[in-house]
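What's in work12.csv: CSV, C-alpha atoms
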```csv
chain,number,residue,atom,x,y,z
A,1,MET,CA,46.9,268.8,76.5
A,2,THR,CA,48.6,265.5,76.3
A,3,HIS,CA,51.3,264.8,78.9
A,4,ILE,CA,54.2,262.6,77.9
A,5,SER,CA,55.9,261.0,80.9
A,6,THR,CA,58.6,259.1,79.1
A,7,PRO,CA,62.1,259.8,80.4
A,8,GLY,CA,64.0,262.4,78.4
A,9,THR,CA,67.6,263.5,78.7
A,10,ALA,CA,69.2,263.9,82.2
A,11,GLY,CA,66.1,263.0,84.1
A,12,THR,CA,63.6,265.3,82.3
A,13,THR,CA,60.4,264.1,80.6
A,14,ALA,CA,60.1,264.1,76.9
A,15,GLU,CA,57.6,267.0,77.2
A,16,GLU,CA,60.0,269.1,79.2
A,17,SER,CA,62.8,268.3,76.7
A,18,SER,CA,60.6,269.3,73.8
A,19,SER,CA,59.6,272.5,75.5
A,20,SER,CA,63.2,273.4,76.3
A,21,ASP,CA,64.1,272.7,72.7
A,22,MET,CA,61.3,274.8,71.5
A,23,ALA,CA,62.1,277.8,73.7
A,24,PRO,CA,65.2,279.1,71.8
A,25,HIS,CA,63.6,278.3,68.4
A,26,LEU,CA,60.3,280.1,69.1
A,27,SER,CA,62.0,282.9,71.1
A,28,SER,CA,63.9,283.9,68.0
A,29,MET,CA,60.7,283.8,65.9
A,30,LEU,CA,58.5,285.8,68.3
A,31,PRO,CA,59.9,289.3,67.6
A,32,ILE,CA,59.3,288.7,63.9
A,33,LEU,CA,55.8,287.6,64.5
A,34,ALA,CA,55.1,290.5,66.9
A,35,GLY,CA,56.4,292.9,64.3
A,36,GLU,CA,54.1,291.5,61.7
A,37,LEU,CA,51.1,291.6,64.0
A,38,ARG,CA,51.7,294.9,65.7
A,39,SER,CA,50.0,296.9,63.0
A,40,VAL,CA,47.1,294.5,62.7
A,41,LEU,CA,46.4,294.3,66.5
A,42,GLY,CA,47.4,297.9,67.2
A,43,ALA,CA,44.1,299.5,68.3
A,44,ASP,CA,42.2,296.2,68.8
A,45,THR,CA,41.0,296.1,72.4
A,46,SER,CA,39.2,292.7,72.2
A,47,PRO,CA,40.1,290.2,74.8
A,48,GLN,CA,41.7,288.0,72.1
A,49,ALA,CA,43.9,290.8,70.9
A,50,ARG,CA,45.0,291.6,74.4
A,51,ARG,CA,45.9,288.0,75.2
A,52,VAL,CA,47.9,287.6,72.0
A,53,THR,CA,49.7,290.9,72.5
A,54,ASP,CA,50.5,290.1,76.1
A,55,TRP,CA,51.8,286.7,75.1
A,56,LEU,CA,54.0,288.2,72.5
A,57,ASN,CA,55.2,290.9,74.9
A,58,ARG,CA,56.1,288.3,77.5
A,59,GLY,CA,58.2,286.4,74.9
A,60,GLY,CA,55.9,283.4,74.7
A,61,GLU,CA,55.4,283.0,78.4
A,62,ALA,CA,51.9,282.1,79.5
A,63,ALA,CA,50.1,284.0,82.2
A,64,ASP,CA,50.9,281.1,84.6
A,65,GLY,CA,54.6,281.4,83.9
A,66,ALA,CA,54.9,278.4,81.6
A,67,ARG,CA,56.9,278.9,78.5
A,68,PHE,CA,55.6,277.6,75.2
A,69,ASP,CA,53.1,275.4,77.1
A,70,GLU,CA,50.8,273.5,74.7
A,71,ALA,CA,47.6,274.6,76.5
A,72,ALA,CA,48.7,278.3,76.2
A,73,LEU,CA,49.7,277.8,72.6
A,74,THR,CA,46.3,276.2,71.8
A,75,GLY,CA,44.6,279.3,73.4
A,76,ILE,CA,46.8,281.6,71.3
A,77,VAL,CA,46.0,279.8,68.1
A,78,SER,CA,42.3,279.9,68.9
A,79,ASP,CA,42.5,283.6,69.6
A,80,LEU,CA,44.4,284.2,66.3
A,81,VAL,CA,41.6,282.3,64.4
A,82,THR,CA,38.9,284.4,66.1
A,83,LEU,CA,40.9,287.6,65.3
A,84,ARG,CA,41.3,286.6,61.7
A,85,ASN,CA,37.6,285.7,61.3
A,86,ALA,CA,36.6,289.1,62.9
A,87,ARG,CA,38.4,290.8,60.0
A,88,LEU,CA,36.5,288.9,57.3
A,89,LEU,CA,33.1,289.5,55.8
A,90,PHE,CA,31.2,286.3,55.2
A,91,ALA,CA,28.3,285.1,53.0
A,92,LEU,CA,26.6,281.8,52.8
A,93,GLY,CA,28.4,279.2,50.6
A,94,PRO,CA,26.7,278.7,47.3
A,95,ASP,CA,25.8,275.0,47.7
A,96,ARG,CA,22.4,274.9,49.4
A,97,ALA,CA,22.6,271.1,49.5
A,98,VAL,CA,25.5,271.1,52.0
A,99,LYS,CA,24.2,270.8,55.5
A,100,PRO,CA,24.9,272.5,57.8
A,101,ARG,CA,25.4,275.6,55.7
A,102,ARG,CA,28.9,277.0,55.7
A,103,ALA,CA,30.0,280.7,55.7
A,104,VAL,CA,32.5,281.6,53.0
A,105,ALA,CA,34.9,284.5,53.4
A,106,MET,CA,34.0,287.2,50.9
A,107,ASN,CA,36.3,290.1,51.8
A,108,ASP,CA,39.2,290.9,54.1
A,109,THR,CA,38.5,294.1,56.0
A,110,GLY,CA,42.1,294.5,57.0
A,111,GLY,CA,44.6,292.1,58.6
A,112,ALA,CA,42.9,288.7,58.1
A,113,ALA,CA,45.7,287.6,55.7
A,114,ALA,CA,48.4,288.6,58.2
A,115,LEU,CA,46.6,286.8,61.0
A,116,GLY,CA,46.2,283.7,58.9
A,117,ALA,CA,49.9,283.7,58.0
A,118,ALA,CA,50.8,284.1,61.7
A,119,ILE,CA,48.8,281.0,62.5
A,120,SER,CA,50.5,279.0,59.8
A,121,LYS,CA,54.0,280.3,60.7
A,122,LEU,CA,53.5,279.5,64.4
A,123,VAL,CA,52.3,276.0,63.8
A,124,ALA,CA,55.0,275.3,61.2
A,125,ASP,CA,57.7,276.6,63.5
A,126,ILE,CA,56.4,274.4,66.3
A,127,GLY,CA,56.4,271.5,63.9
A,128,LYS,CA,60.1,271.8,63.4
A,129,ILE,CA,60.6,270.8,67.1
A,130,ASP,CA,57.4,268.9,68.0
A,131,THR,CA,55.4,267.5,65.0
A,132,GLU,CA,52.7,265.9,67.2
A,133,MET,CA,52.1,269.2,69.0
A,134,ALA,CA,52.0,271.1,65.7
A,135,LEU,CA,49.4,268.6,64.4
A,136,ARG,CA,47.2,269.0,67.5
A,137,LEU,CA,47.5,272.8,67.2
A,138,ALA,CA,46.6,272.7,63.5
A,139,ARG,CA,43.5,270.5,64.3
A,140,SER,CA,42.5,272.9,67.0
A,141,ALA,CA,42.7,275.9,64.6
A,142,LEU,CA,40.7,274.1,61.9
A,143,SER,CA,38.1,273.0,64.5
A,144,ALA,CA,37.8,276.6,65.9
A,145,ASP,CA,37.4,277.9,62.3
A,146,GLU,CA,34.8,275.4,61.3
A,147,THR,CA,32.8,276.1,64.5
A,148,GLN,CA,32.9,279.8,63.9
A,149,ARG,CA,31.9,279.5,60.3
A,150,ARG,CA,28.9,277.4,61.3
A,151,ASP,CA,27.9,280.1,63.8
A,152,ILE,CA,28.3,282.8,61.2
A,153,ALA,CA,26.2,280.8,58.7
A,154,ASP,CA,23.5,280.6,61.4
A,155,GLN,CA,23.6,284.3,61.9
A,156,ILE,CA,23.3,285.0,58.1
A,157,LEU,CA,20.4,282.5,57.8
A,158,ALA,CA,18.7,284.5,60.6
A,159,ARG,CA,19.0,287.7,58.5
A,160,PRO,CA,19.0,286.6,54.9
A,161,GLY,CA,21.1,288.6,52.4
A,162,VAL,CA,23.3,290.2,55.1
A,163,LEU,CA,27.1,289.7,55.2
A,164,SER,CA,28.2,288.9,58.7
A,165,HIS,CA,31.2,289.7,60.8
A,166,TYR,CA,32.2,287.3,63.5
```
Let me see the file written as C-alpha cells.
Amino acid sequence: MTHISTPGTAGTTAEESSSSDMAPHLSSMLPILAGELRSVLGADTSPQARRVTDWLNRGGEAADGARFDEAALTGIVSDLVTLRNARLLFALGPDRAVKPRRAVAMNDTGGAAALGAAISKLVADIGKIDTEMALRLARSALSADETQRRDIADQILARPGVLSHY
C-alpha cells in the first residue's frame, strides 16, 4: 500500500481525505454489491468467501477497523478473483507456442460472471474517488488472475486432457 503524506484539508493527509471521500460513496454501493453476491456466495464456506461476506456485512470495514483501506480492498479484490476462478472450468489455451502455457476459461459453473462483474464495479466505483488506487487494484486483480491461470495450466499439463478447477 502506498502512503501519501501530503497535507489534505483541515490537517488531514491526502490519503485520509480520499478515504473519507470514499466512505459515503462506497457505503451506498455495498448493499447493492452484497445483494448481487449473496446468492453466489451463499453456501460457500471457503476462507475467501467468508472474508468477502464478512467485509460486506461490516459495511466495508476491514478486520482491523479501517474503513475502505487500500490493503483491505486489495485483499478483497484478490479473494473475488480466486472465487471467480473457482467457478470456472479451464483448458489449455490453443497456442502451444506461447510459453508459459495459459489456461483459458471454458465454462462458468455458476457465479463466475457475477463475481467478475463485482470486481469491475468495485474498482470502477473506487476510481470515481481515487483513480490511482483503482489502477493499483486493477493491476492487482490482473496479476492474481494471471498467476492463477499459470498455476491451472501447470495442473492441466500434469494431467493432460483434464479440465481443471482452481
Each stretch 41-69 of chain A residue no farther than 12 Å from stretch 86-93 of chain A, nearest pair in Å, all atoms listed in the file, as CSV:
```
residue,atom,partner,partner_atom,distance
A:Leu41,CA,A:Arg87,CA,10.9
A:Asp44,CA,A:Ala86,CA,10.8
A:Ser46,CA,A:Ala86,CA,10.3
A:Gln48,CA,A:Ala86,CA,10.6
A:Ala49,CA,A:Ala86,CA,11.0
```
Close residues, A:Asp151 itself excluded, 12 Å, all atoms listed in the file, min 4 positions apart in chain, as a ChimeraX atom specification: /A:85,90-92,100-104,144-147,155-158,164-166
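In this model, the gap between atom CA of A:Met29 and atom CA of A:Ser143 comes to 25.1 Å.
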Selection: 7 Å around stretch 130-137 of chain A, only C-alpha atoms, excl. self and same-chain fewer than 4 positions, as a list of chain:residue names: A:Ser18, A:Thr74, A:Val123, A:Ala124, A:Ile126, A:Ala141
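Considering the residues A:Leu122, A:Lys128, A:Asn57, A:Ser140 and counting all atoms listed in the file, A:Ala71 has its shortest atom-to-atom contact with A:Ser140.
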Interatomic distance (Å, one decimal) between atom CA of A:Ala23 and atom CA of A:Ala62: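 Interatomic distance here is 12.5 Å.
Here atom CA of A:Lys99 and atom CA of A:Ala153 stand 10.7 Å from one another.
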Given only C-alpha atoms as the counted atoms, nearest of A:Ser27, A:Ser39, A:Ala138, A:Ile76 to A:Ala63: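 Smallest distance to A:Ala63 is found for A:Ile76.
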Residue nearest A:Asp54 among A:His25, A:Arg38, A:Leu83, A:Ala117 (counting only C-alpha atoms):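 With only C-alpha atoms as the atom set, the closest residue is A:Arg38.
You can rank A:Ala43, A:Ala105, A:Leu56, A:Leu115 by their closest distance to A:Thr82 using all atoms listed in the file, and at the top of that list sits A:Leu115.
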Pick from A:Ile152, A:Ala112, A:Ala66, A:Leu26 nearest to A:Arg84, counting all atoms listed in the file: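 Nearest to A:Arg84: A:Ala112.
Closest to A:Arg58 among A:Ala34, A:Gly110, A:Ile129, A:Gly75 is A:Ala34, based on all atoms listed in the file.
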Once you've located stretch 4-143 of chain A in the structure I gave, write it as a PDB file, in the first residue's frame, keeping C-alpha atoms.
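Wrote selection-v1.pdb, looks like this:
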```
ATOM      1  CA  ILE A   4       0.560   9.622   0.737  1.00  0.00           C
ATOM      2  CA  SER A   5       1.659  12.124   3.320  1.00  0.00           C
ATOM      3  CA  THR A   6       0.860  15.369   1.585  1.00  0.00           C
ATOM      4  CA  PRO A   7      -1.385  17.676   3.573  1.00  0.00           C
ATOM      5  CA  GLY A   8      -5.070  17.448   2.759  1.00  0.00           C
ATOM      6  CA  THR A   9      -7.901  19.553   4.033  1.00  0.00           C
ATOM      7  CA  ALA A  10      -8.027  20.706   7.663  1.00  0.00           C
ATOM      8  CA  GLY A  11      -4.795  18.973   8.718  1.00  0.00           C
ATOM      9  CA  THR A  12      -5.602  15.560   7.230  1.00  0.00           C
ATOM     10  CA  THR A  13      -3.373  13.732   4.781  1.00  0.00           C
ATOM     11  CA  ALA A  14      -4.483  13.263   1.178  1.00  0.00           C
ATOM     12  CA  GLU A  15      -4.903   9.516   1.888  1.00  0.00           C
ATOM     13  CA  GLU A  16      -7.220  10.214   4.839  1.00  0.00           C
ATOM     14  CA  SER A  17      -9.155  12.733   2.748  1.00  0.00           C
ATOM     15  CA  SER A  18      -9.518  10.234  -0.110  1.00  0.00           C
ATOM     16  CA  SER A  19     -10.628   7.518   2.312  1.00  0.00           C
ATOM     17  CA  SER A  20     -13.187   9.813   3.933  1.00  0.00           C
ATOM     18  CA  ASP A  21     -14.487  10.827   0.473  1.00  0.00           C
ATOM     19  CA  MET A  22     -14.706   7.172  -0.485  1.00  0.00           C
ATOM     20  CA  ALA A  23     -16.661   6.063   2.583  1.00  0.00           C
ATOM     21  CA  PRO A  24     -20.059   7.586   1.710  1.00  0.00           C
ATOM     22  CA  HIS A  25     -19.720   6.664  -1.955  1.00  0.00           C
ATOM     23  CA  LEU A  26     -18.797   3.003  -1.371  1.00  0.00           C
ATOM     24  CA  SER A  27     -21.143   2.668   1.600  1.00  0.00           C
ATOM     25  CA  SER A  28     -24.090   3.340  -0.678  1.00  0.00           C
ATOM     26  CA  MET A  29     -22.783   0.821  -3.246  1.00  0.00           C
ATOM     27  CA  LEU A  30     -22.033  -2.034  -0.819  1.00  0.00           C
ATOM     28  CA  PRO A  31     -25.649  -3.119  -0.162  1.00  0.00           C
ATOM     29  CA  ILE A  32     -26.149  -3.477  -3.926  1.00  0.00           C
ATOM     30  CA  LEU A  33     -22.927  -5.458  -4.263  1.00  0.00           C
ATOM     31  CA  ALA A  34     -23.853  -7.616  -1.269  1.00  0.00           C
ATOM     32  CA  GLY A  35     -27.270  -8.341  -2.787  1.00  0.00           C
ATOM     33  CA  GLU A  36     -25.705  -9.380  -6.082  1.00  0.00           C
ATOM     34  CA  LEU A  37     -23.173 -11.649  -4.389  1.00  0.00           C
ATOM     35  CA  ARG A  38     -25.398 -13.164  -1.696  1.00  0.00           C
ATOM     36  CA  SER A  39     -26.750 -15.913  -3.955  1.00  0.00           C
ATOM     37  CA  VAL A  40     -23.289 -16.614  -5.411  1.00  0.00           C
ATOM     38  CA  LEU A  41     -21.503 -16.830  -2.066  1.00  0.00           C
ATOM     39  CA  GLY A  42     -24.438 -18.282  -0.124  1.00  0.00           C
ATOM     40  CA  ALA A  43     -23.249 -21.782   0.812  1.00  0.00           C
ATOM     41  CA  ASP A  44     -19.568 -21.229   0.006  1.00  0.00           C
ATOM     42  CA  THR A  45     -17.530 -21.908   3.137  1.00  0.00           C
ATOM     43  CA  SER A  46     -14.108 -21.174   1.631  1.00  0.00           C
ATOM     44  CA  PRO A  47     -11.898 -18.699   3.513  1.00  0.00           C
ATOM     45  CA  GLN A  48     -12.186 -16.260   0.586  1.00  0.00           C
ATOM     46  CA  ALA A  49     -15.996 -16.350   0.632  1.00  0.00           C
ATOM     47  CA  ARG A  50     -16.049 -15.868   4.407  1.00  0.00           C
ATOM     48  CA  ARG A  51     -13.702 -12.863   4.191  1.00  0.00           C
ATOM     49  CA  VAL A  52     -15.709 -11.205   1.401  1.00  0.00           C
ATOM     50  CA  THR A  53     -19.026 -11.888   3.163  1.00  0.00           C
ATOM     51  CA  ASP A  54     -17.694 -10.581   6.494  1.00  0.00           C
ATOM     52  CA  TRP A  55     -16.329  -7.451   4.776  1.00  0.00           C
ATOM     53  CA  LEU A  56     -19.676  -6.801   3.097  1.00  0.00           C
ATOM     54  CA  ASN A  57     -21.572  -7.447   6.354  1.00  0.00           C
ATOM     55  CA  ARG A  58     -19.304  -4.962   8.178  1.00  0.00           C
ATOM     56  CA  GLY A  59     -20.075  -2.316   5.557  1.00  0.00           C
ATOM     57  CA  GLY A  60     -16.566  -2.241   4.095  1.00  0.00           C
ATOM     58  CA  GLU A  61     -14.764  -2.146   7.395  1.00  0.00           C
ATOM     59  CA  ALA A  62     -11.602  -4.235   7.497  1.00  0.00           C
ATOM     60  CA  ALA A  63     -10.991  -6.693  10.331  1.00  0.00           C
ATOM     61  CA  ASP A  64      -8.592  -4.159  11.901  1.00  0.00           C
ATOM     62  CA  GLY A  65     -11.300  -1.477  11.905  1.00  0.00           C
ATOM     63  CA  ALA A  66     -10.015   0.538   8.945  1.00  0.00           C
ATOM     64  CA  ARG A  67     -12.725   1.597   6.522  1.00  0.00           C
ATOM     65  CA  PHE A  68     -12.041   1.181   2.788  1.00  0.00           C
ATOM     66  CA  ASP A  69      -8.339   0.754   3.496  1.00  0.00           C
ATOM     67  CA  GLU A  70      -6.337   0.025   0.327  1.00  0.00           C
ATOM     68  CA  ALA A  71      -4.659  -3.061   1.799  1.00  0.00           C
ATOM     69  CA  ALA A  72      -8.038  -4.499   2.770  1.00  0.00           C
ATOM     70  CA  LEU A  73      -9.511  -3.630  -0.641  1.00  0.00           C
ATOM     71  CA  THR A  74      -6.568  -5.340  -2.349  1.00  0.00           C
ATOM     72  CA  GLY A  75      -7.275  -8.467  -0.300  1.00  0.00           C
ATOM     73  CA  ILE A  76     -10.982  -8.356  -1.152  1.00  0.00           C
ATOM     74  CA  VAL A  77     -10.251  -7.968  -4.876  1.00  0.00           C
ATOM     75  CA  SER A  78      -7.796 -10.886  -4.724  1.00  0.00           C
ATOM     76  CA  ASP A  79     -10.397 -13.022  -2.930  1.00  0.00           C
ATOM     77  CA  LEU A  80     -13.001 -12.123  -5.564  1.00  0.00           C
ATOM     78  CA  VAL A  81     -10.590 -13.188  -8.351  1.00  0.00           C
ATOM     79  CA  THR A  82      -9.977 -16.519  -6.600  1.00  0.00           C
ATOM     80  CA  LEU A  83     -13.707 -17.051  -6.044  1.00  0.00           C
ATOM     81  CA  ARG A  84     -14.414 -16.280  -9.708  1.00  0.00           C
ATOM     82  CA  ASN A  85     -11.728 -18.652 -10.951  1.00  0.00           C
ATOM     83  CA  ALA A  86     -13.004 -21.395  -8.629  1.00  0.00           C
ATOM     84  CA  ARG A  87     -16.299 -21.263 -10.524  1.00  0.00           C
ATOM     85  CA  LEU A  88     -14.738 -21.699 -13.951  1.00  0.00           C
ATOM     86  CA  LEU A  89     -13.619 -24.798 -15.806  1.00  0.00           C
ATOM     87  CA  PHE A  90     -10.336 -24.337 -17.664  1.00  0.00           C
ATOM     88  CA  ALA A  91      -8.482 -25.937 -20.542  1.00  0.00           C
ATOM     89  CA  LEU A  92      -5.111 -25.116 -22.013  1.00  0.00           C
ATOM     90  CA  GLY A  93      -5.035 -22.278 -24.490  1.00  0.00           C
ATOM     91  CA  PRO A  94      -4.800 -23.476 -28.100  1.00  0.00           C
ATOM     92  CA  ASP A  95      -1.465 -21.822 -28.920  1.00  0.00           C
ATOM     93  CA  ARG A  96       1.284 -24.276 -27.948  1.00  0.00           C
ATOM     94  CA  ALA A  97       3.961 -21.760 -28.974  1.00  0.00           C
ATOM     95  CA  VAL A  98       3.001 -19.427 -26.114  1.00  0.00           C
ATOM     96  CA  LYS A  99       5.213 -20.068 -23.082  1.00  0.00           C
ATOM     97  CA  PRO A 100       4.300 -20.418 -20.339  1.00  0.00           C
ATOM     98  CA  ARG A 101       1.062 -22.102 -21.343  1.00  0.00           C
ATOM     99  CA  ARG A 102      -2.051 -20.262 -20.236  1.00  0.00           C
ATOM    100  CA  ALA A 103      -5.337 -21.690 -19.027  1.00  0.00           C
ATOM    101  CA  VAL A 104      -8.427 -20.471 -20.847  1.00  0.00           C
ATOM    102  CA  ALA A 105     -11.867 -20.430 -19.209  1.00  0.00           C
ATOM    103  CA  MET A 106     -14.175 -22.895 -20.946  1.00  0.00           C
ATOM    104  CA  ASN A 107     -17.297 -22.908 -18.790  1.00  0.00           C
ATOM    105  CA  ASP A 108     -18.898 -20.963 -15.936  1.00  0.00           C
ATOM    106  CA  THR A 109     -20.130 -23.476 -13.360  1.00  0.00           C
ATOM    107  CA  GLY A 110     -22.230 -20.805 -11.685  1.00  0.00           C
ATOM    108  CA  GLY A 111     -21.485 -17.342 -10.415  1.00  0.00           C
ATOM    109  CA  ALA A 112     -18.218 -16.528 -12.178  1.00  0.00           C
ATOM    110  CA  ALA A 113     -19.833 -13.797 -14.272  1.00  0.00           C
ATOM    111  CA  ALA A 114     -21.374 -12.151 -11.191  1.00  0.00           C
ATOM    112  CA  LEU A 115     -18.036 -12.245  -9.361  1.00  0.00           C
ATOM    113  CA  GLY A 116     -16.228 -10.766 -12.360  1.00  0.00           C
ATOM    114  CA  ALA A 117     -18.822  -8.003 -12.556  1.00  0.00           C
ATOM    115  CA  ALA A 118     -18.380  -7.332  -8.818  1.00  0.00           C
ATOM    116  CA  ILE A 119     -14.629  -6.874  -9.287  1.00  0.00           C
ATOM    117  CA  SER A 120     -15.218  -4.443 -12.164  1.00  0.00           C
ATOM    118  CA  LYS A 121     -17.891  -2.493 -10.274  1.00  0.00           C
ATOM    119  CA  LEU A 122     -15.822  -2.198  -7.110  1.00  0.00           C
ATOM    120  CA  VAL A 123     -12.727  -0.986  -8.968  1.00  0.00           C
ATOM    121  CA  ALA A 124     -14.775   1.403 -11.145  1.00  0.00           C
ATOM    122  CA  ASP A 125     -16.532   2.901  -8.116  1.00  0.00           C
ATOM    123  CA  ILE A 126     -13.227   3.377  -6.323  1.00  0.00           C
ATOM    124  CA  GLY A 127     -11.923   5.035  -9.499  1.00  0.00           C
ATOM    125  CA  LYS A 128     -14.603   7.722  -9.185  1.00  0.00           C
ATOM    126  CA  ILE A 129     -12.903   8.875  -5.970  1.00  0.00           C
ATOM    127  CA  ASP A 130      -9.281   7.727  -6.252  1.00  0.00           C
ATOM    128  CA  THR A 131      -8.041   6.862  -9.752  1.00  0.00           C
ATOM    129  CA  GLU A 132      -4.571   5.839  -8.644  1.00  0.00           C
ATOM    130  CA  MET A 133      -5.918   3.394  -6.057  1.00  0.00           C
ATOM    131  CA  ALA A 134      -8.315   1.958  -8.641  1.00  0.00           C
ATOM    132  CA  LEU A 135      -5.439   1.423 -11.063  1.00  0.00           C
ATOM    133  CA  ARG A 136      -3.402  -0.353  -8.395  1.00  0.00           C
ATOM    134  CA  LEU A 137      -6.396  -2.560  -7.531  1.00  0.00           C
ATOM    135  CA  ALA A 138      -6.986  -3.377 -11.206  1.00  0.00           C
ATOM    136  CA  ARG A 139      -3.308  -4.306 -11.639  1.00  0.00           C
ATOM    137  CA  SER A 140      -3.506  -6.464  -8.533  1.00  0.00           C
ATOM    138  CA  ALA A 141      -6.594  -8.271  -9.870  1.00  0.00           C
ATOM    139  CA  LEU A 142      -4.961  -8.869 -13.258  1.00  0.00           C
ATOM    140  CA  SER A 143      -1.768 -10.119 -11.624  1.00  0.00           C
TER     141      SER A 143
END
```
